[in-house]
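J.: Sharing structure38.csv (CSV, C-alpha atoms) below.
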```
chain,number,residue,atom,x,y,z
A,1,MET,CA,0.0,0.0,0.0
A,2,GLU,CA,1.2,3.5,-0.9
A,3,ILE,CA,1.3,6.5,1.4
A,4,SER,CA,-0.7,8.3,-1.4
A,5,GLU,CA,-3.5,5.9,-0.7
A,6,VAL,CA,-3.6,7.0,2.9
A,7,GLU,CA,-3.6,10.6,1.9
A,8,GLU,CA,-6.4,10.0,-0.5
A,9,ARG,CA,-8.5,8.4,2.3
A,10,ILE,CA,-7.8,11.4,4.5
A,11,LYS,CA,-9.1,13.7,1.7
A,12,LEU,CA,-12.2,11.5,1.4
A,13,LEU,CA,-12.8,11.8,5.2
A,14,GLU,CA,-12.4,15.5,5.1
A,15,LYS,CA,-14.9,15.8,2.2
A,16,LEU,CA,-17.4,13.7,4.0
A,17,GLY,CA,-16.8,15.6,7.2
A,18,GLY,CA,-17.6,18.8,5.4
A,19,ILE,CA,-20.9,17.4,4.0
A,20,ILE,CA,-21.9,16.1,7.4
A,21,ARG,CA,-21.1,19.4,9.0
A,22,GLU,CA,-23.2,21.3,6.4
A,23,GLU,CA,-26.2,19.0,7.0
A,24,SER,CA,-25.9,19.4,10.7
A,25,ARG,CA,-26.7,23.1,10.2
A,26,ALA,CA,-30.4,22.0,9.6
A,27,TYR,CA,-30.6,21.6,13.4
A,28,GLY,CA,-30.0,25.3,13.8
A,29,ILE,CA,-33.8,25.7,13.7
A,30,ILE,CA,-34.0,24.0,17.1
A,31,ASP,CA,-31.4,26.4,18.6
A,32,THR,CA,-33.5,29.3,17.1
A,33,ALA,CA,-36.6,28.0,18.9
A,34,TRP,CA,-34.7,27.8,22.3
A,35,GLY,CA,-33.1,31.2,21.7
A,36,PHE,CA,-36.4,32.8,21.0
A,37,ALA,CA,-38.0,31.2,24.1
A,38,ILE,CA,-35.1,32.3,26.4
A,39,LEU,CA,-34.9,35.8,24.9
A,40,ALA,CA,-38.6,36.6,25.1
A,41,GLY,CA,-39.3,34.7,28.3
A,42,PHE,CA,-36.4,36.2,30.3
A,43,LEU,CA,-36.9,39.7,29.0
A,44,ILE,CA,-40.6,39.5,30.1
A,45,PHE,CA,-39.4,38.2,33.5
A,46,GLN,CA,-36.9,41.1,33.7
A,47,ALA,CA,-39.7,43.6,33.1
A,48,VAL,CA,-41.8,42.0,35.8
A,49,GLU,CA,-38.9,42.2,38.2
A,50,ILE,CA,-38.3,45.9,37.4
A,51,LEU,CA,-41.9,46.9,37.5
A,52,SER,CA,-42.4,44.9,40.7
A,53,LEU,CA,-45.4,43.0,39.3
A,54,PRO,CA,-46.5,39.6,40.8
A,55,TRP,CA,-43.9,37.0,39.9
A,56,PHE,CA,-46.4,34.7,38.1
A,57,TYR,CA,-46.8,37.4,35.4
A,58,GLY,CA,-43.2,36.5,34.4
A,59,LEU,CA,-43.3,32.8,35.2
A,60,ILE,CA,-46.3,31.8,33.2
A,61,PRO,CA,-45.1,33.2,29.8
A,62,LEU,CA,-41.7,31.7,30.5
A,63,ILE,CA,-43.1,28.2,31.1
A,64,VAL,CA,-45.3,28.5,28.0
A,65,LEU,CA,-42.4,29.6,25.8
A,66,LEU,CA,-40.0,26.9,27.1
A,67,SER,CA,-42.7,24.3,26.7
A,68,LEU,CA,-43.3,25.5,23.1
A,69,ALA,CA,-39.5,25.3,22.5
A,70,PHE,CA,-39.5,21.8,23.8
A,71,ALA,CA,-42.4,20.7,21.6
A,72,LEU,CA,-40.8,22.3,18.6
A,73,THR,CA,-37.6,20.5,19.3
A,74,VAL,CA,-39.4,17.1,19.2
A,75,TYR,CA,-41.2,18.2,16.0
A,76,PHE,CA,-38.1,19.5,14.2
A,77,LYS,CA,-36.0,16.6,15.2
A,78,ARG,CA,-38.4,14.2,13.7
A,79,LYS,CA,-39.0,16.3,10.6
A,80,ILE,CA,-35.2,16.8,9.9
A,81,GLY,CA,-34.6,13.2,10.6
A,82,GLU,CA,-37.2,12.2,8.0
A,83,GLN,CA,-35.9,14.8,5.5
A,84,LEU,CA,-32.2,13.8,5.8
A,85,GLY,CA,-32.7,10.1,6.6
A,86,TYR,CA,-31.1,10.1,10.1
A,87,LYS,CA,-32.7,8.3,13.0
A,88,ARG,CA,-30.7,9.5,15.9
A,89,ALA,CA,-27.6,11.5,16.9
A,90,GLY,CA,-24.1,10.3,16.0
A,91,TRP,CA,-20.8,10.6,17.8
A,92,LEU,CA,-20.8,14.5,17.9
A,93,GLY,CA,-24.4,14.8,18.9
A,94,ASN,CA,-24.0,12.3,21.7
A,95,LYS,CA,-20.9,14.1,23.0
A,96,ILE,CA,-22.7,17.5,23.1
A,97,LYS,CA,-25.7,15.9,24.8
A,98,LYS,CA,-23.4,14.3,27.5
A,99,THR,CA,-21.6,17.6,27.9
A,100,TRP,CA,-24.8,19.5,28.6
A,101,LEU,CA,-26.0,16.7,30.9
A,102,ALA,CA,-22.8,16.8,32.9
A,103,THR,CA,-22.7,20.6,33.1
A,104,ALA,CA,-26.3,21.5,33.6
A,105,LEU,CA,-27.5,18.5,35.6
A,106,ILE,CA,-24.5,17.7,37.8
A,107,GLY,CA,-23.1,21.2,37.9
A,108,GLY,CA,-26.5,22.7,38.4
A,109,THR,CA,-27.7,20.3,41.0
A,110,ALA,CA,-24.5,20.8,43.0
A,111,TYR,CA,-24.9,24.6,42.7
A,112,MET,CA,-28.5,24.5,44.0
A,113,LEU,CA,-27.5,22.2,46.9
A,114,VAL,CA,-24.8,24.6,47.9
A,115,PHE,CA,-27.0,27.6,47.4
A,116,TRP,CA,-29.8,26.2,49.6
A,117,SER,CA,-27.6,24.6,52.2
A,118,PRO,CA,-28.5,26.1,55.6
A,119,PRO,CA,-25.3,28.1,56.3
A,120,VAL,CA,-25.2,29.6,52.8
A,121,ALA,CA,-29.0,30.2,52.6
A,122,ASP,CA,-28.9,32.0,56.0
A,123,ILE,CA,-26.4,34.5,54.8
A,124,ILE,CA,-28.1,35.0,51.4
A,125,LEU,CA,-31.6,35.5,52.9
A,126,LYS,CA,-30.2,37.9,55.5
A,127,ASP,CA,-28.3,40.1,53.1
A,128,VAL,CA,-30.1,39.9,49.8
A,129,SER,CA,-33.5,41.5,49.1
A,130,PRO,CA,-36.3,39.1,48.0
A,131,GLY,CA,-36.4,40.8,44.6
A,132,GLU,CA,-32.8,40.0,44.0
A,133,ILE,CA,-32.9,36.3,45.0
A,134,SER,CA,-34.1,35.0,41.6
A,135,GLY,CA,-31.4,37.1,39.9
A,136,LEU,CA,-28.8,35.8,42.2
A,137,ILE,CA,-29.8,32.2,41.5
A,138,LEU,CA,-29.8,32.9,37.8
A,139,LEU,CA,-26.3,34.4,38.0
A,140,GLY,CA,-25.0,31.0,38.9
A,141,TRP,CA,-26.8,29.4,36.0
A,142,LEU,CA,-25.4,32.1,33.7
A,143,ILE,CA,-21.9,30.8,34.6
A,144,ILE,CA,-22.8,27.1,34.5
A,145,ASP,CA,-24.6,27.4,31.1
A,146,GLY,CA,-21.8,29.7,29.9
A,147,ILE,CA,-19.3,26.9,30.6
A,148,GLY,CA,-21.7,24.3,28.9
A,149,CYS,CA,-22.0,26.6,25.8
A,150,MET,CA,-18.2,27.1,25.6
A,151,VAL,CA,-17.5,23.4,25.8
A,152,GLN,CA,-20.2,22.8,23.1
A,153,GLY,CA,-18.4,25.3,20.9
A,154,ILE,CA,-15.0,23.8,21.5
A,155,ILE,CA,-16.2,20.2,20.8
A,156,SER,CA,-18.1,21.2,17.7
A,157,GLU,CA,-15.3,23.6,16.6
A,158,SER,CA,-17.8,26.5,16.5
A,159,ARG,CA,-16.2,29.8,17.4
A,160,PHE,CA,-19.7,31.3,17.5
A,161,TYR,CA,-20.9,29.1,20.4
A,162,THR,CA,-17.6,29.4,22.2
A,163,ALA,CA,-18.0,33.2,22.0
A,164,ILE,CA,-21.6,33.0,23.3
A,165,GLY,CA,-20.4,31.0,26.3
A,166,PHE,CA,-17.6,33.4,26.9
A,167,MET,CA,-20.0,36.4,26.8
A,168,MET,CA,-22.3,34.7,29.3
A,169,ILE,CA,-19.5,34.3,31.8
A,170,ILE,CA,-18.3,37.9,31.3
A,171,SER,CA,-21.9,39.2,31.6
A,172,ALA,CA,-22.2,37.3,34.9
A,173,VAL,CA,-19.2,39.2,36.2
A,174,VAL,CA,-20.6,42.5,35.0
A,175,VAL,CA,-24.1,41.8,36.5
A,176,ALA,CA,-22.5,40.7,39.8
A,177,ASN,CA,-20.9,44.1,40.1
A,178,ILE,CA,-24.0,46.1,39.2
A,179,SER,CA,-27.2,44.4,40.4
A,180,PHE,CA,-28.3,40.7,40.5
A,181,VAL,CA,-31.7,41.9,39.2
A,182,TYR,CA,-30.2,42.2,35.7
A,183,SER,CA,-29.3,38.5,35.4
A,184,TRP,CA,-32.5,38.0,33.4
A,185,SER,CA,-31.6,40.4,30.7
A,186,ALA,CA,-28.0,39.2,30.7
A,187,PHE,CA,-29.2,35.7,30.1
A,188,ALA,CA,-31.6,36.8,27.5
A,189,LEU,CA,-29.1,38.9,25.5
A,190,THR,CA,-26.3,36.4,25.6
A,191,PHE,CA,-27.7,32.9,25.5
A,192,GLY,CA,-31.1,33.8,24.1
A,193,LEU,CA,-30.1,36.2,21.4
A,194,GLY,CA,-26.9,34.2,20.6
A,195,TYR,CA,-28.8,31.0,20.0
A,196,LEU,CA,-31.5,32.8,18.0
A,197,VAL,CA,-29.0,34.4,15.7
A,198,GLY,CA,-26.6,31.5,15.5
A,199,GLY,CA,-29.4,29.0,14.9
A,200,LEU,CA,-31.0,31.1,12.1
A,201,ARG,CA,-27.6,31.6,10.5
A,202,ASP,CA,-27.0,27.9,10.5
A,203,TYR,CA,-30.4,27.0,9.2
A,204,ARG,CA,-30.2,29.6,6.4
A,205,MET,CA,-26.8,28.2,5.4
A,206,PHE,CA,-28.3,24.7,5.3
A,207,LYS,CA,-31.2,25.9,3.2
A,208,SER,CA,-29.0,27.7,0.7
A,209,SER,CA,-26.5,24.9,0.3
A,210,ARG,CA,-27.2,22.3,-2.2
A,211,LYS,CA,-27.6,18.6,-1.2
A,212,ALA,CA,-24.1,17.4,-2.0
A,213,GLY,CA,-22.7,13.9,-2.0
A,214,VAL,CA,-19.4,12.2,-2.7
A,215,ARG,CA,-19.0,10.2,-5.8
A,216,ILE,CA,-16.6,7.4,-5.0
A,217,GLU,CA,-14.9,5.7,-7.9
B,1,MET,CA,13.4,-1.7,14.7
B,2,ASN,CA,13.8,1.2,12.4
B,3,ASN,CA,11.0,3.6,11.2
B,4,ILE,CA,10.7,2.0,7.8
B,5,GLU,CA,10.0,-1.4,9.3
B,6,GLU,CA,7.5,0.1,11.8
B,7,LEU,CA,5.8,1.9,8.9
B,8,ALA,CA,5.6,-1.3,6.9
B,9,ARG,CA,4.1,-3.1,9.9
B,10,THR,CA,1.5,-0.4,10.4
B,11,LEU,CA,0.6,-0.3,6.8
B,12,ALA,CA,0.2,-4.1,6.7
B,13,GLY,CA,-1.9,-4.1,9.9
B,14,ILE,CA,-4.4,-1.6,8.5
B,15,ASP,CA,-8.1,-2.7,8.7
B,16,ARG,CA,-8.8,-3.9,5.2
B,17,VAL,CA,-12.5,-4.0,5.7
B,18,LEU,CA,-12.6,-0.3,6.5
B,19,HIS,CA,-9.8,0.8,4.2
B,20,GLU,CA,-12.0,0.2,1.1
B,21,ARG,CA,-13.2,3.6,-0.1
B,22,ILE,CA,-17.0,3.1,0.0
B,23,ARG,CA,-16.9,1.1,3.2
B,24,LEU,CA,-14.8,3.8,4.8
B,25,ALA,CA,-17.3,6.4,3.6
B,26,ILE,CA,-20.3,4.4,4.9
B,27,SER,CA,-18.6,3.9,8.3
B,28,THR,CA,-17.8,7.7,8.5
B,29,ILE,CA,-21.4,8.6,7.9
B,30,LEU,CA,-22.7,6.1,10.4
B,31,PHE,CA,-20.1,7.1,13.0
B,32,HIS,CA,-21.2,10.8,12.8
B,33,ARG,CA,-24.9,10.2,12.1
B,34,GLY,CA,-25.9,7.3,14.2
B,35,GLU,CA,-28.6,5.4,12.4
B,36,VAL,CA,-28.9,6.1,8.7
B,37,SER,CA,-31.3,4.8,6.0
B,38,PHE,CA,-30.2,3.0,2.9
B,39,ASN,CA,-31.6,5.8,0.7
B,40,THR,CA,-29.6,8.5,2.6
B,41,LEU,CA,-26.4,6.5,2.2
B,42,LYS,CA,-27.2,6.1,-1.5
B,43,ARG,CA,-27.8,9.9,-1.8
B,44,MET,CA,-24.7,10.9,0.1
B,45,LEU,CA,-22.3,8.4,-1.7
B,46,LYS,CA,-23.8,8.7,-5.2
B,47,THR,CA,-23.4,5.0,-5.8
B,48,SER,CA,-25.6,2.3,-7.2
B,49,GLU,CA,-27.9,0.2,-4.9
B,50,GLY,CA,-26.1,-3.0,-5.8
B,51,ASN,CA,-22.7,-1.6,-5.0
B,52,LEU,CA,-23.9,-0.1,-1.7
B,53,ALA,CA,-25.7,-3.3,-0.7
B,54,THR,CA,-22.5,-5.4,-1.3
B,55,HIS,CA,-20.3,-3.1,0.8
B,56,LEU,CA,-22.9,-3.0,3.6
B,57,ARG,CA,-23.1,-6.8,3.6
B,58,THR,CA,-19.3,-6.9,4.0
B,59,LEU,CA,-19.5,-4.5,6.9
B,60,GLU,CA,-22.3,-6.6,8.4
B,61,GLN,CA,-20.4,-9.8,8.0
B,62,ALA,CA,-17.4,-8.2,9.8
B,63,GLY,CA,-19.7,-7.4,12.7
B,64,TYR,CA,-19.2,-3.7,12.2
B,65,VAL,CA,-22.7,-2.8,11.1
B,66,LYS,CA,-26.2,-3.9,12.2
B,67,VAL,CA,-29.3,-3.6,10.1
B,68,LYS,CA,-32.8,-2.6,11.2
B,69,LYS,CA,-35.9,-3.2,9.1
B,70,ARG,CA,-39.1,-1.5,9.9
B,71,PHE,CA,-42.2,0.0,8.3
B,72,VAL,CA,-42.7,3.8,8.1
B,73,GLY,CA,-46.4,4.1,7.3
B,74,ARG,CA,-46.8,1.4,4.7
B,75,LYS,CA,-43.3,1.7,3.2
B,76,PRO,CA,-40.5,-0.6,4.4
B,77,GLN,CA,-37.4,1.2,5.5
B,78,THR,CA,-33.9,-0.3,6.1
B,79,THR,CA,-31.5,1.6,8.4
B,80,TYR,CA,-27.9,0.9,9.4
B,81,GLU,CA,-25.8,1.7,12.4
B,82,LEU,CA,-22.3,0.9,13.6
B,83,THR,CA,-22.0,-1.8,16.3
B,84,ASP,CA,-19.7,-1.3,19.3
B,85,LYS,CA,-17.2,-3.4,17.5
B,86,GLY,CA,-17.6,-1.2,14.4
B,87,ILE,CA,-17.1,2.0,16.4
B,88,LYS,CA,-14.0,0.6,18.0
B,89,ALA,CA,-12.6,-0.5,14.6
B,90,TYR,CA,-13.3,2.9,13.0
B,91,ARG,CA,-11.5,4.7,15.8
B,92,GLU,CA,-8.6,2.3,15.5
B,93,TYR,CA,-8.5,2.9,11.8
B,94,LEU,CA,-8.4,6.6,12.2
B,95,LYS,CA,-5.5,6.3,14.7
B,96,THR,CA,-3.6,4.1,12.3
B,97,LEU,CA,-4.1,6.7,9.5
B,98,THR,CA,-2.8,9.4,11.8
B,99,LYS,CA,0.2,7.2,12.8
B,100,ILE,CA,1.1,6.6,9.1
B,101,LEU,CA,1.0,10.3,8.3
B,102,GLN,CA,3.2,11.0,11.3
B,103,PHE,CA,5.8,8.6,9.8
B,104,GLU,CA,5.7,10.5,6.6
B,105,LYS,CA,6.5,13.7,8.4
```
Could you render the structure from this file as structure tokens?
T.:
Amino acid sequence: MEISEVEERIKLLEKLGGIIREESRAYGIIDTAWGFAILAGFLIFQAVEILSLPWFYGLIPLIVLLSLAFALTVYFKRKIGEQLGYKRAGWLGNKIKKTWLATALIGGTAYMLVFWSPPVADIILKDVSPGEISGLILLGWLIIDGIGCMVQGIISESRFYTAIGFMMIISAVVVANISFVYSWSAFALTFGLGYLVGGLRDYRMFKSSRKAGVRIE
Amino acid sequence: MNNIEELARTLAGIDRVLHERIRLAISTILFHRGEVSFNTLKRMLKTSEGNLATHLRTLEQAGYVKVKKRFVGRKPQTTYELTDKGIKAYREYLKTLTKILQFEK
């Protein structure tokens, strides 16, 4: 076997990788749905906090929007799977799923357990006003999800998602130095807007790209 | 053992089932996409049904791919996915390619 044969195989892998990556952009529509839900829902919650309205004025639209995003995810996954002929996620999709599970579920649970542990909760409830509590909780999630987003960007080699994660962490630092109340808008304008724009961009690129294939002689 | 000998041994030890172009392409798509239908593979690889079926059978016989047959509505659909053995072999194959390229450098 010649070295040139190995190089030719590498080229084939790169070409296929490019096509697979292009087709993955179809799933951007799901990111758009979540981005919109977070952007709209969190901005509504922010307005409720600032206007000192009853909390359920913010919570109900948020639950509705997140449920809608979840339903759309199920719908689009099935639709895209039918259109492209895939049944479930491959190696990269599984890696990203596991990353989010580890970050949000394990990291998030640990954070909430620390936050509500009696010594920590005592200090927080003594020194933080009730209006700022939800913002303070969300501040932690801004960092946790920011890490998740950065890791997703690194794994999928997407500078855009890495940048969103970075912006989330930076915005957490800024909010912590101004007022916890603004965590809602920080989350909406980094994660929400980022996913909305990034998802739309990916989906549009998928739509405009022709369905390519590799002819193997 | 010198580098030339080691390179020759690596080249000789390459997985011949995966090294064939179409089988390598099939395995790559299945590795990145999970479960894929026959028609999708045909579309992506722009190859004839007979040729594709032959290579899929070889991969199946090697224990690298498993087949699922089901009905979607009234239409029969055949899908393929890599087995654990197939995933392991594919990763090993990629490692071997990388190793060969490093020899070249």
J.: Excluding region 184-201 of chain A and residues on its chain fewer than 2 positions from it, collect all residues at most 9 Å away from it, counting only C-alpha atoms, and give them as a PDB file with C-alpha atoms, in the frame of the given file.
T.:
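As a result, around20.pdb now contains:
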```pdb
ATOM      1  CA  ARG A  25     -26.700  23.100  10.200  1.00  0.00           C
ATOM      2  CA  ALA A  26     -30.400  22.000   9.600  1.00  0.00           C
ATOM      3  CA  TYR A  27     -30.600  21.600  13.400  1.00  0.00           C
ATOM      4  CA  GLY A  28     -30.000  25.300  13.800  1.00  0.00           C
ATOM      5  CA  ILE A  29     -33.800  25.700  13.700  1.00  0.00           C
ATOM      6  CA  ILE A  30     -34.000  24.000  17.100  1.00  0.00           C
ATOM      7  CA  ASP A  31     -31.400  26.400  18.600  1.00  0.00           C
ATOM      8  CA  THR A  32     -33.500  29.300  17.100  1.00  0.00           C
ATOM      9  CA  ALA A  33     -36.600  28.000  18.900  1.00  0.00           C
ATOM     10  CA  TRP A  34     -34.700  27.800  22.300  1.00  0.00           C
ATOM     11  CA  GLY A  35     -33.100  31.200  21.700  1.00  0.00           C
ATOM     12  CA  PHE A  36     -36.400  32.800  21.000  1.00  0.00           C
ATOM     13  CA  ALA A  37     -38.000  31.200  24.100  1.00  0.00           C
ATOM     14  CA  ILE A  38     -35.100  32.300  26.400  1.00  0.00           C
ATOM     15  CA  LEU A  39     -34.900  35.800  24.900  1.00  0.00           C
ATOM     16  CA  ALA A  40     -38.600  36.600  25.100  1.00  0.00           C
ATOM     17  CA  GLY A  41     -39.300  34.700  28.300  1.00  0.00           C
ATOM     18  CA  PHE A  42     -36.400  36.200  30.300  1.00  0.00           C
ATOM     19  CA  LEU A  43     -36.900  39.700  29.000  1.00  0.00           C
ATOM     20  CA  ILE A  44     -40.600  39.500  30.100  1.00  0.00           C
ATOM     21  CA  PHE A  45     -39.400  38.200  33.500  1.00  0.00           C
ATOM     22  CA  GLN A  46     -36.900  41.100  33.700  1.00  0.00           C
ATOM     23  CA  SER A 134     -34.100  35.000  41.600  1.00  0.00           C
ATOM     24  CA  GLY A 135     -31.400  37.100  39.900  1.00  0.00           C
ATOM     25  CA  LEU A 138     -29.800  32.900  37.800  1.00  0.00           C
ATOM     26  CA  LEU A 139     -26.300  34.400  38.000  1.00  0.00           C
ATOM     27  CA  TRP A 141     -26.800  29.400  36.000  1.00  0.00           C
ATOM     28  CA  LEU A 142     -25.400  32.100  33.700  1.00  0.00           C
ATOM     29  CA  ASP A 145     -24.600  27.400  31.100  1.00  0.00           C
ATOM     30  CA  GLY A 146     -21.800  29.700  29.900  1.00  0.00           C
ATOM     31  CA  CYS A 149     -22.000  26.600  25.800  1.00  0.00           C
ATOM     32  CA  PHE A 160     -19.700  31.300  17.500  1.00  0.00           C
ATOM     33  CA  TYR A 161     -20.900  29.100  20.400  1.00  0.00           C
ATOM     34  CA  ILE A 164     -21.600  33.000  23.300  1.00  0.00           C
ATOM     35  CA  GLY A 165     -20.400  31.000  26.300  1.00  0.00           C
ATOM     36  CA  MET A 167     -20.000  36.400  26.800  1.00  0.00           C
ATOM     37  CA  MET A 168     -22.300  34.700  29.300  1.00  0.00           C
ATOM     38  CA  SER A 171     -21.900  39.200  31.600  1.00  0.00           C
ATOM     39  CA  ALA A 172     -22.200  37.300  34.900  1.00  0.00           C
ATOM     40  CA  VAL A 175     -24.100  41.800  36.500  1.00  0.00           C
ATOM     41  CA  PHE A 180     -28.300  40.700  40.500  1.00  0.00           C
ATOM     42  CA  VAL A 181     -31.700  41.900  39.200  1.00  0.00           C
ATOM     43  CA  TYR A 182     -30.200  42.200  35.700  1.00  0.00           C
ATOM     44  CA  TYR A 203     -30.400  27.000   9.200  1.00  0.00           C
ATOM     45  CA  ARG A 204     -30.200  29.600   6.400  1.00  0.00           C
ATOM     46  CA  MET A 205     -26.800  28.200   5.400  1.00  0.00           C
ATOM     47  CA  PHE A 206     -28.300  24.700   5.300  1.00  0.00           C
TER      48      PHE A 206
END
```
J.: Between CA of Ala62 (chain B) and CA of Lys42 (chain B), what is the distance, to one decimal in Å?
T.: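 So the answer is 20.7 Å.
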J.: So, counting all atoms listed in the file, which residue among B:His19, B:His55, B:Arg70, B:Arg33 is closest to chain A?
T.: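 When distances to chain A are compared using all atoms listed in the file, the smallest one comes from B:Arg33.
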J.: Hey, which bits of chain B sit within 7 Å of chain A, and for each residue what's the closest pair of atoms and how far apart in Å (one decimal), counting only C-alpha atoms, rows by chain and increasing number, as JSON lines?
T.:
```
{"residue": "B:Leu11", "atom": "CA", "partner": "A:Met1", "partner_atom": "CA", "distance": 6.8}
{"residue": "B:Ile22", "atom": "CA", "partner": "A:Ile216", "partner_atom": "CA", "distance": 6.6}
{"residue": "B:Phe31", "atom": "CA", "partner": "A:Gly90", "partner_atom": "CA", "distance": 5.9}
{"residue": "B:His32", "atom": "CA", "partner": "A:Gly90", "partner_atom": "CA", "distance": 4.3}
{"residue": "B:Arg33", "atom": "CA", "partner": "A:Gly90", "partner_atom": "CA", "distance": 4.0}
{"residue": "B:Gly34", "atom": "CA", "partner": "A:Gly90", "partner_atom": "CA", "distance": 3.9}
{"residue": "B:Glu35", "atom": "CA", "partner": "A:Lys87", "partner_atom": "CA", "distance": 5.1}
{"residue": "B:Val36", "atom": "CA", "partner": "A:Tyr86", "partner_atom": "CA", "distance": 4.8}
{"residue": "B:Ser37", "atom": "CA", "partner": "A:Gly85", "partner_atom": "CA", "distance": 5.5}
{"residue": "B:Thr40", "atom": "CA", "partner": "A:Gly85", "partner_atom": "CA", "distance": 5.3}
{"residue": "B:Arg43", "atom": "CA", "partner": "A:Gly213", "partner_atom": "CA", "distance": 6.5}
{"residue": "B:Met44", "atom": "CA", "partner": "A:Gly213", "partner_atom": "CA", "distance": 4.2}
{"residue": "B:Leu45", "atom": "CA", "partner": "A:Val214", "partner_atom": "CA", "distance": 4.9}
{"residue": "B:Lys46", "atom": "CA", "partner": "A:Arg215", "partner_atom": "CA", "distance": 5.1}
{"residue": "B:Thr47", "atom": "CA", "partner": "A:Arg215", "partner_atom": "CA", "distance": 6.8}
{"residue": "B:Leu97", "atom": "CA", "partner": "A:Val6", "partner_atom": "CA", "distance": 6.6}
```
J.: Report the distance between CA of Ile106 (chain A) and CA of Ala176 (chain A) in Å, rounded to one decimal place.
T.: 23.2 Å
J.: Between A:Ser183, A:Arg159, A:Phe166, A:Lys126, single out the one closest to Gly140 (chain A), counting all atoms listed in the file.
T.: A:Ser183
J.: Hey, which of B:Leu56, B:Lys99, B:Pro76, B:Asp84 ends up closest to Ala25 (chain B)? Count only C-alpha atoms.
T.: B:Leu56
J.: The residues within 9 Å of (-31.7, -6.4, 11.0), using only C-alpha atoms and the coordinates of the file, should be reported as JSON, numbers by chain; which are they?
T.: {"B": [66, 67, 68, 69, 70, 78, 79, 80]}
J.: Would you pick out the contacts of Asp15 (chain B) at 12 Å or less, using only C-alpha atoms, so that residues sharing its chain but fewer than 4 positions from it are not included, and give the list as a short mmCIF file (atom, residue, chain, number, x, y, z; two decimals) with C-alpha atoms, in the frame of the given file?
T.:
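Just written: around-v3.cif:
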```
data_model
loop_
_atom_site.label_atom_id
_atom_site.label_comp_id
_atom_site.auth_asym_id
_atom_site.auth_seq_id
_atom_site.Cartn_x
_atom_site.Cartn_y
_atom_site.Cartn_z
CA THR B 10 1.50 -0.40 10.40
CA LEU B 11 0.60 -0.30 6.80
CA HIS B 19 -9.80 0.80 4.20
CA GLU B 20 -12.00 0.20 1.10
CA ARG B 21 -13.20 3.60 -0.10
CA ARG B 23 -16.90 1.10 3.20
CA LEU B 24 -14.80 3.80 4.80
CA LEU B 59 -19.50 -4.50 6.90
CA ALA B 62 -17.40 -8.20 9.80
CA TYR B 64 -19.20 -3.70 12.20
CA GLY B 86 -17.60 -1.20 14.40
CA LYS B 88 -14.00 0.60 18.00
CA ALA B 89 -12.60 -0.50 14.60
CA TYR B 90 -13.30 2.90 13.00
CA ARG B 91 -11.50 4.70 15.80
CA GLU B 92 -8.60 2.30 15.50
CA TYR B 93 -8.50 2.90 11.80
CA LEU B 94 -8.40 6.60 12.20
CA LYS B 95 -5.50 6.30 14.70
CA THR B 96 -3.60 4.10 12.30
CA LEU B 97 -4.10 6.70 9.50
#
```
J.: To one decimal place in Å, what is the distance between CA of Glu81 (chain B) and CA of Glu22 (chain A)?
T.: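 Between CA of Glu81 (chain B) and CA of Glu22 (chain A) the gap works out to 20.7 Å.
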J.: Got a sec: who's within 12 Å of Lys95 (chain A), counting only C-alpha atoms, leaving out chain neighbours fewer than 3 positions off, as a ChimeraX atom specification?
T.: /A:89-92,98-102,148,151-156 /B:32
J.: Could you check the closest approach to Ser179 (chain A) for each of A:Glu49, A:Glu132, A:Glu23, A:Glu14 and tell me which residue wins, using all atoms listed in the file?
T.: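 Counting all atoms listed in the file, the residue closest to Ser179 (chain A) is A:Glu132.
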